[in-house]
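Trainee: Sharing final-v4.pdb here; it has PDB, C-alpha atoms.
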MODEL        1
ATOM      1  CA  LEU G   1       0.000   0.000   0.000
ATOM      2  CA  ILE G   2       2.807   2.412   0.875
ATOM      3  CA  LEU G   3       4.580   1.707  -2.401
ATOM      4  CA  LEU G   4       1.419   2.377  -4.387
ATOM      5  CA  CYS G   5       1.194   5.811  -2.801
ATOM      6  CA  LEU G   6       4.677   6.830  -3.916
ATOM      7  CA  PRO G   7       4.990   9.030  -7.030
ATOM      8  CA  MET G   8       7.028   6.319  -8.731
ATOM      9  CA  ILE G   9       8.787   7.131 -11.986
ATOM     10  CA  GLY G  10      10.519   3.829 -12.495
ATOM     11  CA  PHE G  11      10.031   0.184 -11.684
ATOM     12  CA  SER G  12      12.139  -2.811 -12.583
ATOM     13  CA  GLN G  13      12.417  -6.392 -11.499
ATOM     14  CA  ASN G  14      14.760  -5.542  -8.652
ATOM     15  CA  TYR G  15      14.273  -1.892  -7.660
ATOM     16  CA  ILE G  16      11.818   0.990  -7.366
ATOM     17  CA  LEU G  17      12.844   4.514  -8.396
ATOM     18  CA  ASP G  18      11.152   7.583  -6.954
ATOM     19  CA  SER G  19      11.612  11.279  -7.729
ATOM     20  CA  ILE G  20      11.153  14.460  -5.707
ATOM     21  CA  ALA G  21      10.702  17.726  -7.603
ATOM     22  CA  GLU G  22      12.958  20.376  -6.076
ATOM     23  CA  ASN G  23      15.463  23.087  -6.980
ATOM     24  CA  GLY G  24      14.314  23.241 -10.600
ATOM     25  CA  GLY G  25      14.797  19.535 -11.244
ATOM     26  CA  TYR G  26      14.566  16.209  -9.452
ATOM     27  CA  THR G  27      16.127  14.459  -6.509
ATOM     28  CA  TYR G  28      16.053  10.686  -6.911
ATOM     29  CA  LYS G  29      15.838   7.857  -4.437
ATOM     30  CA  ALA G  30      15.725   4.166  -5.215
ATOM     31  CA  PHE G  31      14.984   1.034  -3.228
ATOM     32  CA  PRO G  32      15.968  -2.560  -3.986
ATOM     33  CA  ILE G  33      13.038  -4.968  -3.940
ATOM     34  CA  GLY G  34      13.358  -7.748  -1.433
ATOM     35  CA  GLN G  35      13.834  -8.423   2.229
ATOM     36  CA  GLY G  36      16.049  -5.861   3.903
ATOM     37  CA  PRO G  37      17.444  -4.062   5.671
ATOM     38  CA  PHE G  38      19.665  -2.830   2.837
ATOM     39  CA  PRO G  39      22.941  -0.896   2.898
ATOM     40  CA  ALA G  40      22.462   2.699   1.785
ATOM     41  CA  VAL G  41      24.426   5.283  -0.186
ATOM     42  CA  LEU G  42      24.113   9.065  -0.376
ATOM     43  CA  TYR G  43      25.480  10.524  -3.632
ATOM     44  CA  SER G  44      26.455  14.190  -4.026
ATOM     45  CA  HIS G  45      26.816  15.454  -7.599
ATOM     46  CA  GLY G  46      29.425  17.791  -9.012
ATOM     47  CA  GLY G  47      28.855  21.102 -10.726
ATOM     48  CA  LEU G  48      28.630  24.746  -9.840
ATOM     49  CA  GLY G  49      25.694  27.099 -10.175
ATOM     50  CA  GLY G  50      23.200  25.663 -12.658
ATOM     51  CA  GLN G  51      25.613  23.027 -13.977
ATOM     52  CA  ILE G  52      25.004  19.480 -12.781
ATOM     53  CA  GLY G  53      28.029  17.179 -12.853
ATOM     54  CA  GLY G  54      26.828  13.616 -13.331
ATOM     55  CA  ASP G  55      23.574  11.834 -14.165
ATOM     56  CA  LEU G  56      21.587  11.716 -10.926
ATOM     57  CA  ARG G  57      18.902   9.348 -12.183
ATOM     58  CA  GLN G  58      21.314   6.827 -13.679
ATOM     59  CA  THR G  59      23.566   6.953 -10.630
ATOM     60  CA  CYS G  60      20.595   6.307  -8.377
ATOM     61  CA  THR G  61      19.348   3.341 -10.397
ATOM     62  CA  SER G  62      22.848   1.861 -10.712
ATOM     63  CA  LEU G  63      23.257   1.920  -6.939
ATOM     64  CA  ALA G  64      19.846   0.314  -6.450
ATOM     65  CA  GLN G  65      20.660  -2.391  -8.986
ATOM     66  CA  ALA G  66      23.794  -3.117  -6.955
ATOM     67  CA  GLY G  67      21.643  -3.648  -3.854
ATOM     68  CA  TYR G  68      21.779  -0.250  -2.141
ATOM     69  CA  ILE G  69      19.047   2.098  -1.033
ATOM     70  CA  SER G  70      20.245   5.247  -2.774
ATOM     71  CA  TRP G  71      19.566   8.953  -2.392
ATOM     72  CA  CYS G  72      20.830  11.375  -5.063
ATOM     73  CA  GLN G  73      19.849  14.926  -4.220
ATOM     74  CA  LEU G  74      19.738  17.852  -6.618
ATOM     75  CA  ARG G  75      21.174  20.779  -4.678
ATOM     76  CA  THR G  76      20.260  24.420  -5.160
ATOM     77  CA  ASP G  77      22.267  26.339  -7.755
ATOM     78  CA  THR G  78      23.792  28.631  -5.151
ATOM     79  CA  ILE G  79      27.495  29.400  -5.580
ATOM     80  CA  PRO G  80      28.483  29.798  -1.898
ATOM     81  CA  PHE G  81      29.557  26.553  -0.270
ATOM     82  CA  PRO G  82      27.984  26.624   3.243
ATOM     83  CA  PRO G  83      24.337  26.213   2.078
ATOM     84  CA  HIS G  84      25.343  23.050   0.228
ATOM     85  CA  ILE G  85      26.912  21.605   3.378
ATOM     86  CA  ILE G  86      23.570  21.965   5.148
ATOM     87  CA  GLN G  87      21.648  20.454   2.215
ATOM     88  CA  VAL G  88      23.841  17.345   2.077
ATOM     89  CA  GLU G  89      23.623  16.843   5.831
ATOM     90  CA  VAL G  90      19.821  17.113   5.646
ATOM     91  CA  SER G  91      19.830  14.591   2.783
ATOM     92  CA  LEU G  92      21.863  12.142   4.853
ATOM     93  CA  ASP G  93      19.430  12.524   7.735
ATOM     94  CA  SER G  94      16.564  11.814   5.327
ATOM     95  CA  LEU G  95      18.311   8.708   4.026
ATOM     96  CA  LEU G  96      18.943   7.430   7.540
ATOM     97  CA  ASN G  97      15.219   7.750   8.270
ATOM     98  CA  GLN G  98      14.080   5.700   5.269
ATOM     99  CA  ASN G  99      12.429   2.375   5.976
ATOM    100  CA  ASN G 100      14.559  -0.757   5.670
ATOM    101  CA  VAL G 101      17.937   1.026   5.858
ATOM    102  CA  ASP G 102      20.796  -0.907   7.457
ATOM    103  CA  LEU G 103      22.141   1.780   9.771
ATOM    104  CA  ASN G 104      25.366  -0.182  10.210
ATOM    105  CA  ASN G 105      26.172   0.057   6.489
ATOM    106  CA  ILE G 106      25.974   3.665   5.319
ATOM    107  CA  GLY G 107      28.175   4.980   2.514
ATOM    108  CA  ILE G 108      28.601   8.466   1.084
ATOM    109  CA  ILE G 109      29.918   9.203  -2.396
ATOM    110  CA  GLY G 110      30.614  12.483  -4.152
ATOM    111  CA  PHE G 111      32.156  13.953  -7.292
ATOM    112  CA  SER G 112      33.991  17.316  -7.564
ATOM    113  CA  ARG G 113      32.089  19.772  -5.326
ATOM    114  CA  GLY G 114      30.125  16.737  -4.199
ATOM    115  CA  GLY G 115      33.439  15.050  -3.380
ATOM    116  CA  LEU G 116      34.303  17.885  -1.024
ATOM    117  CA  LEU G 117      30.799  17.819   0.446
ATOM    118  CA  THR G 118      31.243  14.097   1.027
ATOM    119  CA  LEU G 119      34.356  14.802   3.095
ATOM    120  CA  THR G 120      32.674  17.515   5.155
ATOM    121  CA  THR G 121      29.722  15.182   5.809
ATOM    122  CA  ALA G 122      32.072  12.348   6.759
ATOM    123  CA  ILE G 123      33.411  14.618   9.490
ATOM    124  CA  SER G 124      30.150  16.141  10.724
ATOM    125  CA  HIS G 125      28.356  12.743  10.709
ATOM    126  CA  TYR G 126      31.264  10.421  11.431
ATOM    127  CA  ASN G 127      29.191   8.354  13.854
ATOM    128  CA  TYR G 128      26.732   7.431  11.085
ATOM    129  CA  VAL G 129      29.024   6.895   8.086
ATOM    130  CA  HIS G 130      30.896   3.651   7.412
ATOM    131  CA  ALA G 131      32.404   4.085   3.940
ATOM    132  CA  ILE G 132      33.506   7.157   1.964
ATOM    133  CA  VAL G 133      34.262   7.639  -1.732
ATOM    134  CA  THR G 134      35.473  11.048  -2.888
ATOM    135  CA  MET G 135      36.042  11.560  -6.621
ATOM    136  CA  ALA G 136      38.197  14.467  -7.846
ATOM    137  CA  PRO G 137      37.258  16.651  -4.849
ATOM    138  CA  ALA G 138      37.039  20.389  -5.475
ATOM    139  CA  ALA G 139      39.003  22.971  -3.522
ATOM    140  CA  ALA G 140      36.172  25.532  -3.132
ATOM    141  CA  ASN G 141      38.711  28.172  -2.163
ATOM    142  CA  ASN G 142      39.931  27.177   1.317
ATOM    143  CA  TYR G 143      37.149  24.753   2.206
ATOM    144  CA  LEU G 144      39.065  21.635   1.222
ATOM    145  CA  SER G 145      42.227  22.618   3.095
ATOM    146  CA  ASN G 146      40.190  23.560   6.182
ATOM    147  CA  THR G 147      38.279  20.276   5.952
ATOM    148  CA  LEU G 148      41.505  18.268   5.791
ATOM    149  CA  ASN G 149      42.559  19.800   9.102
ATOM    150  CA  GLN G 150      39.604  18.004  10.714
ATOM    151  CA  VAL G 151      39.844  14.508   9.208
ATOM    152  CA  SER G 152      41.291  12.919  12.355
ATOM    153  CA  VAL G 153      37.736  11.927  13.377
ATOM    154  CA  VAL G 154      37.341   9.758  10.258
ATOM    155  CA  ASP G 155      37.849   6.083  11.113
ATOM    156  CA  ASP G 156      36.171   4.317   8.181
ATOM    157  CA  SER G 157      37.197   3.026   4.756
ATOM    158  CA  VAL G 158      37.998   5.851   2.338
ATOM    159  CA  LEU G 159      38.499   5.630  -1.436
ATOM    160  CA  VAL G 160      39.962   8.610  -3.317
ATOM    161  CA  LEU G 161      39.562   8.592  -7.120
ATOM    162  CA  VAL G 162      40.823  10.904  -9.879
ATOM    163  CA  ALA G 163      41.870  10.773 -13.548
ATOM    164  CA  GLU G 164      45.466  11.748 -14.320
ATOM    165  CA  ASN G 165      44.331  14.515 -16.705
ATOM    166  CA  ASP G 166      41.743  16.067 -14.401
ATOM    167  CA  LEU G 167      43.571  19.384 -14.618
ATOM    168  CA  TYR G 168      41.209  21.511 -16.706
ATOM    169  CA  GLN G 169      39.365  23.536 -14.052
ATOM    170  CA  ASP G 170      41.863  22.905 -11.268
ATOM    171  CA  ASN G 171      44.651  20.470 -10.446
ATOM    172  CA  HIS G 172      42.311  17.815  -9.109
ATOM    173  CA  VAL G 173      45.126  15.267  -9.130
ATOM    174  CA  GLN G 174      47.012  17.296  -6.556
ATOM    175  CA  LEU G 175      43.835  17.936  -4.578
ATOM    176  CA  ALA G 176      43.036  14.215  -4.520
ATOM    177  CA  GLN G 177      46.575  13.464  -3.375
ATOM    178  CA  ASP G 178      46.220  16.084  -0.640
ATOM    179  CA  VAL G 179      43.142  14.226   0.588
ATOM    180  CA  TYR G 180      44.941  10.888   0.488
ATOM    181  CA  TYR G 181      47.961  12.131   2.420
ATOM    182  CA  ALA G 182      45.789  13.887   4.998
ATOM    183  CA  LEU G 183      44.058  10.561   5.602
ATOM    184  CA  ASP G 184      47.197   8.402   5.602
ATOM    185  CA  THR G 185      46.614   7.407   9.215
ATOM    186  CA  VAL G 186      43.153   6.034   8.409
ATOM    187  CA  THR G 187      43.014   2.259   8.131
ATOM    188  CA  GLY G 188      41.763   1.251   4.693
ATOM    189  CA  VAL G 189      42.324   4.525   2.803
ATOM    190  CA  ARG G 190      43.041   3.908  -0.896
ATOM    191  CA  TYR G 191      43.985   6.194  -3.784
ATOM    192  CA  ILE G 192      43.400   5.325  -7.448
ATOM    193  CA  GLU G 193      44.610   7.547 -10.287
ATOM    194  CA  TYR G 194      43.008   6.486 -13.552
ATOM    195  CA  ASP G 195      44.485   6.866 -17.022
ATOM    196  CA  SER G 196      43.735  10.069 -18.914
ATOM    197  CA  TYR G 197      40.142  10.399 -20.091
ATOM    198  CA  ASP G 198      39.213  11.271 -23.683
ATOM    199  CA  SER G 199      36.361  13.600 -22.731
ATOM    200  CA  ASP G 200      35.518  14.680 -26.296
ATOM    201  CA  SER G 201      35.697  11.060 -27.587
ATOM    202  CA  ASN G 202      37.771  11.975 -30.639
ATOM    203  CA  GLY G 203      40.403   9.300 -30.047
ATOM    204  CA  ILE G 204      43.054  11.884 -29.150
ATOM    205  CA  ILE G 205      43.945  12.828 -25.593
ATOM    206  CA  ASN G 206      45.377  16.320 -25.303
ATOM    207  CA  ASN G 207      45.088  19.429 -23.126
ATOM    208  CA  LEU G 208      41.520  19.983 -24.354
ATOM    209  CA  ASP G 209      40.342  16.823 -22.596
ATOM    210  CA  ASP G 210      38.950  17.261 -19.102
ATOM    211  CA  GLY G 211      39.615  14.203 -16.963
TER     212      GLY G 211
ENDMDL
END
Can the structure from this file be put into structure tokens for me?
Mentor:
Amino acid sequence: LILLCLPMIGFSQNYILDSIAENGGYTYKAFPIGQGPFPAVLYSHGGLGGQIGGDLRQTCTSLAQAGYISWCQLRTDTIPFPPHIIQVEVSLDSLLNQNNVDLNNIGIIGFSRGGLLTLTTAISHYNYVHAIVTMAPAAANNYLSNTLNQVSVVDDSVLVLVAENDLYQDNHVQLAQDVYYALDTVTGVRYIEYDSYDSDSNGIINNLDDG
């Protein structure tokens, strides 16, 4: 009965996808079908202003297909960073209050600005988070460096990802390495630097390609 009342936008053999209209677009959440409780993941997208880095719907469904309750929020298009910190923390609280969530298996994932927001949330909600993936985290002026001064509270598995040519908007390789070295005392921290990415798909990788 509860499921029938949801404004569902997608249904497959193994998950249900729901959307919430907000901030000029949609936030997505998806639930695996079956007997839970299920591990859960909060995803924070990249992008600045009106630009959205990453496909929220596809990310949400991919996580659900892998067996996770997933929450992929569309943030406001504000430029200042502090309002986004609050929005991601509220999203995590909403995810934790979903039915059938395994509160002992909560992961947070983020890309670019979302990667930085993932780190700030890992610190502010360290008692609730059990796995962290930060992809090409943004600097956001001094927010990343200030955040790295507080990572001593993090005691969970951390994965830091970046492409070796992610240098177009900023030196994200160096920023990702800064995160890795700041967390070098954390058990289970890993750093993966991928090969250069051909972002314009022309078969040639040069300084026009954004990793």
Trainee: For the file shown, report as an NGL selection string the outcome of the PyMOL selection byres ((chain G and resi 147) around 12) at residue level.
Mentor: :G and (85 or 115-124 or 137-146 or 148-154 or 178-179 or 182-183)
Trainee: Go ahead and compute the interatomic distance for atom CA of G:Gly67 and atom CA of G:Phe38, in Å to one decimal.
Mentor: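 One can read the atom CA of G:Gly67 to atom CA of G:Phe38 distance as 7.0 Å.
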Trainee: For the PyMOL selection byres ((chain G and resi 105-111) around 7), applied here, can you spell out every residue it catches as a VMD selection string?
Mentor: chain G and resid 39 to 46 102 to 104 112 to 115 118 128 to 137
Trainee: Using all atoms listed in the file, can you tell me which of G:Ile204, G:Leu74, G:Val158, G:Ile79 comes closest to G:Asn23?
Mentor: G:Leu74
Trainee: Evaluate the PyMOL selection byres ((chain G and resi 72) around 6) and record the selected residues as a ChimeraX atom specification, following the chain and residue labels used in the document.
Mentor: /G:27-28,43,56,71,73
Trainee: For the atom pair atom CA of G:Leu48 and atom CA of G:Asp198, what is the interatomic distance in Å to one decimal place?
Mentor: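 Atom CA of G:Leu48 sits 22.0 Å away from atom CA of G:Asp198.
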Trainee: Can you measure atom CA of G:Tyr194 to atom CA of G:Gly54 for me? One decimal in Å is fine.
Mentor: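 Separation of atom CA of G:Tyr194 and atom CA of G:Gly54: 17.7 Å.
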Trainee: Name the closest residue to G:Thr185 among the candidates G:Ser62, G:Ser157, G:Gln87, G:Asn14; distances are taken between atoms, counting all atoms listed in the file.
Mentor: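 For G:Thr185, the nearest of the candidates is G:Ser157.
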Trainee: Atoms are missing here; could stretch 191-202 of chain G be completed with all heavy atoms and written as a PDB file, in the coordinates of the input?
Mentor:
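The resulting result-v4.pdb:
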ATOM      1  N   TYR G 191      43.929   5.144  -2.763  1.00  0.00           N
ATOM      2  CA  TYR G 191      43.985   6.194  -3.784  1.00  0.00           C
ATOM      3  C   TYR G 191      44.163   5.520  -5.142  1.00  0.00           C
ATOM      4  O   TYR G 191      45.059   4.688  -5.310  1.00  0.00           O
ATOM      5  CB  TYR G 191      45.155   7.128  -3.497  1.00  0.00           C
ATOM      6  CG  TYR G 191      45.446   8.138  -4.590  1.00  0.00           C
ATOM      7  CD1 TYR G 191      44.760   9.353  -4.644  1.00  0.00           C
ATOM      8  CD2 TYR G 191      46.419   7.882  -5.556  1.00  0.00           C
ATOM      9  CE1 TYR G 191      45.038  10.275  -5.645  1.00  0.00           C
ATOM     10  CE2 TYR G 191      46.703   8.806  -6.552  1.00  0.00           C
ATOM     11  CZ  TYR G 191      46.001  10.000  -6.590  1.00  0.00           C
ATOM     12  OH  TYR G 191      46.270  10.914  -7.572  1.00  0.00           O
ATOM     13  N   ILE G 192      43.284   5.851  -6.090  1.00  0.00           N
ATOM     14  CA  ILE G 192      43.400   5.325  -7.448  1.00  0.00           C
ATOM     15  C   ILE G 192      43.433   6.493  -8.424  1.00  0.00           C
ATOM     16  O   ILE G 192      42.531   7.331  -8.430  1.00  0.00           O
ATOM     17  CB  ILE G 192      42.223   4.394  -7.806  1.00  0.00           C
ATOM     18  CG1 ILE G 192      42.209   3.178  -6.872  1.00  0.00           C
ATOM     19  CG2 ILE G 192      42.334   3.942  -9.258  1.00  0.00           C
ATOM     20  CD1 ILE G 192      41.026   2.258  -7.095  1.00  0.00           C
ATOM     21  N   GLU G 193      44.498   6.537  -9.237  1.00  0.00           N
ATOM     22  CA  GLU G 193      44.610   7.547 -10.287  1.00  0.00           C
ATOM     23  C   GLU G 193      44.424   6.849 -11.627  1.00  0.00           C
ATOM     24  O   GLU G 193      45.260   6.047 -12.044  1.00  0.00           O
ATOM     25  CB  GLU G 193      45.968   8.240 -10.216  1.00  0.00           C
ATOM     26  CG  GLU G 193      46.115   9.411 -11.161  1.00  0.00           C
ATOM     27  CD  GLU G 193      47.409  10.175 -10.924  1.00  0.00           C
ATOM     28  OE1 GLU G 193      47.720  10.469  -9.743  1.00  0.00           O
ATOM     29  OE2 GLU G 193      48.103  10.471 -11.915  1.00  0.00           O
ATOM     30  N   TYR G 194      43.329   7.139 -12.292  1.00  0.00           N
ATOM     31  CA  TYR G 194      43.008   6.486 -13.552  1.00  0.00           C
ATOM     32  C   TYR G 194      43.786   7.098 -14.717  1.00  0.00           C
ATOM     33  O   TYR G 194      44.278   8.226 -14.632  1.00  0.00           O
ATOM     34  CB  TYR G 194      41.504   6.588 -13.833  1.00  0.00           C
ATOM     35  CG  TYR G 194      40.655   5.771 -12.897  1.00  0.00           C
ATOM     36  CD1 TYR G 194      39.995   6.370 -11.827  1.00  0.00           C
ATOM     37  CD2 TYR G 194      40.514   4.400 -13.079  1.00  0.00           C
ATOM     38  CE1 TYR G 194      39.216   5.613 -10.959  1.00  0.00           C
ATOM     39  CE2 TYR G 194      39.737   3.642 -12.219  1.00  0.00           C
ATOM     40  CZ  TYR G 194      39.092   4.259 -11.159  1.00  0.00           C
ATOM     41  OH  TYR G 194      38.328   3.509 -10.306  1.00  0.00           O
ATOM     42  N   ASP G 195      43.865   6.345 -15.812  1.00  0.00           N
ATOM     43  CA  ASP G 195      44.485   6.866 -17.022  1.00  0.00           C
ATOM     44  C   ASP G 195      43.719   8.089 -17.520  1.00  0.00           C
ATOM     45  O   ASP G 195      42.557   8.303 -17.168  1.00  0.00           O
ATOM     46  CB  ASP G 195      44.500   5.796 -18.114  1.00  0.00           C
ATOM     47  CG  ASP G 195      45.419   4.632 -17.778  1.00  0.00           C
ATOM     48  OD1 ASP G 195      46.321   4.818 -16.934  1.00  0.00           O
ATOM     49  OD2 ASP G 195      45.224   3.541 -18.351  1.00  0.00           O
ATOM     50  N   SER G 196      44.364   8.866 -18.364  1.00  0.00           N
ATOM     51  CA  SER G 196      43.735  10.069 -18.914  1.00  0.00           C
ATOM     52  C   SER G 196      42.442   9.715 -19.648  1.00  0.00           C
ATOM     53  O   SER G 196      42.342   8.682 -20.305  1.00  0.00           O
ATOM     54  CB  SER G 196      44.687  10.773 -19.875  1.00  0.00           C
ATOM     55  OG  SER G 196      45.805  11.292 -19.176  1.00  0.00           O
ATOM     56  N   TYR G 197      41.478  10.617 -19.527  1.00  0.00           N
ATOM     57  CA  TYR G 197      40.142  10.399 -20.091  1.00  0.00           C
ATOM     58  C   TYR G 197      39.963  11.240 -21.349  1.00  0.00           C
ATOM     59  O   TYR G 197      40.241  12.446 -21.369  1.00  0.00           O
ATOM     60  CB  TYR G 197      39.091  10.768 -19.049  1.00  0.00           C
ATOM     61  CG  TYR G 197      37.668  10.654 -19.531  1.00  0.00           C
ATOM     62  CD1 TYR G 197      37.152   9.424 -19.939  1.00  0.00           C
ATOM     63  CD2 TYR G 197      36.838  11.769 -19.569  1.00  0.00           C
ATOM     64  CE1 TYR G 197      35.833   9.314 -20.383  1.00  0.00           C
ATOM     65  CE2 TYR G 197      35.521  11.661 -19.999  1.00  0.00           C
ATOM     66  CZ  TYR G 197      35.031  10.432 -20.403  1.00  0.00           C
ATOM     67  OH  TYR G 197      33.744  10.323 -20.840  1.00  0.00           O
ATOM     68  N   ASP G 198      39.490  10.601 -22.413  1.00  0.00           N
ATOM     69  CA  ASP G 198      39.213  11.271 -23.683  1.00  0.00           C
ATOM     70  C   ASP G 198      37.811  11.865 -23.622  1.00  0.00           C
ATOM     71  O   ASP G 198      36.843  11.271 -24.097  1.00  0.00           O
ATOM     72  CB  ASP G 198      39.340  10.259 -24.823  1.00  0.00           C
ATOM     73  CG  ASP G 198      39.123  10.884 -26.193  1.00  0.00           C
ATOM     74  OD1 ASP G 198      39.101  12.129 -26.286  1.00  0.00           O
ATOM     75  OD2 ASP G 198      38.955  10.114 -27.164  1.00  0.00           O
ATOM     76  N   SER G 199      37.681  13.046 -23.033  1.00  0.00           N
ATOM     77  CA  SER G 199      36.361  13.600 -22.731  1.00  0.00           C
ATOM     78  C   SER G 199      35.582  14.007 -23.970  1.00  0.00           C
ATOM     79  O   SER G 199      34.342  14.050 -23.943  1.00  0.00           O
ATOM     80  CB  SER G 199      36.486  14.801 -21.779  1.00  0.00           C
ATOM     81  OG  SER G 199      37.264  15.826 -22.359  1.00  0.00           O
ATOM     82  N   ASP G 200      36.255  14.328 -25.076  1.00  0.00           N
ATOM     83  CA  ASP G 200      35.518  14.680 -26.296  1.00  0.00           C
ATOM     84  C   ASP G 200      35.393  13.496 -27.262  1.00  0.00           C
ATOM     85  O   ASP G 200      34.878  13.651 -28.377  1.00  0.00           O
ATOM     86  CB  ASP G 200      36.157  15.877 -27.008  1.00  0.00           C
ATOM     87  CG  ASP G 200      37.631  15.666 -27.304  1.00  0.00           C
ATOM     88  OD1 ASP G 200      38.106  14.508 -27.215  1.00  0.00           O
ATOM     89  OD2 ASP G 200      38.322  16.655 -27.609  1.00  0.00           O
ATOM     90  N   SER G 201      35.857  12.322 -26.839  1.00  0.00           N
ATOM     91  CA  SER G 201      35.697  11.060 -27.587  1.00  0.00           C
ATOM     92  C   SER G 201      36.168  11.148 -29.030  1.00  0.00           C
ATOM     93  O   SER G 201      35.565  10.550 -29.928  1.00  0.00           O
ATOM     94  CB  SER G 201      34.206  10.626 -27.546  1.00  0.00           C
ATOM     95  OG  SER G 201      33.765  10.451 -26.220  1.00  0.00           O
ATOM     96  N   ASN G 202      37.252  11.873 -29.271  1.00  0.00           N
ATOM     97  CA  ASN G 202      37.771  11.975 -30.639  1.00  0.00           C
ATOM     98  C   ASN G 202      38.970  11.063 -30.869  1.00  0.00           C
ATOM     99  O   ASN G 202      39.600  11.124 -31.941  1.00  0.00           O
ATOM    100  CB  ASN G 202      38.131  13.431 -30.960  1.00  0.00           C
ATOM    101  CG  ASN G 202      39.302  13.942 -30.126  1.00  0.00           C
ATOM    102  OD1 ASN G 202      39.766  13.262 -29.202  1.00  0.00           O
ATOM    103  ND2 ASN G 202      39.756  15.139 -30.422  1.00  0.00           N
TER     104      ASN G 202
END
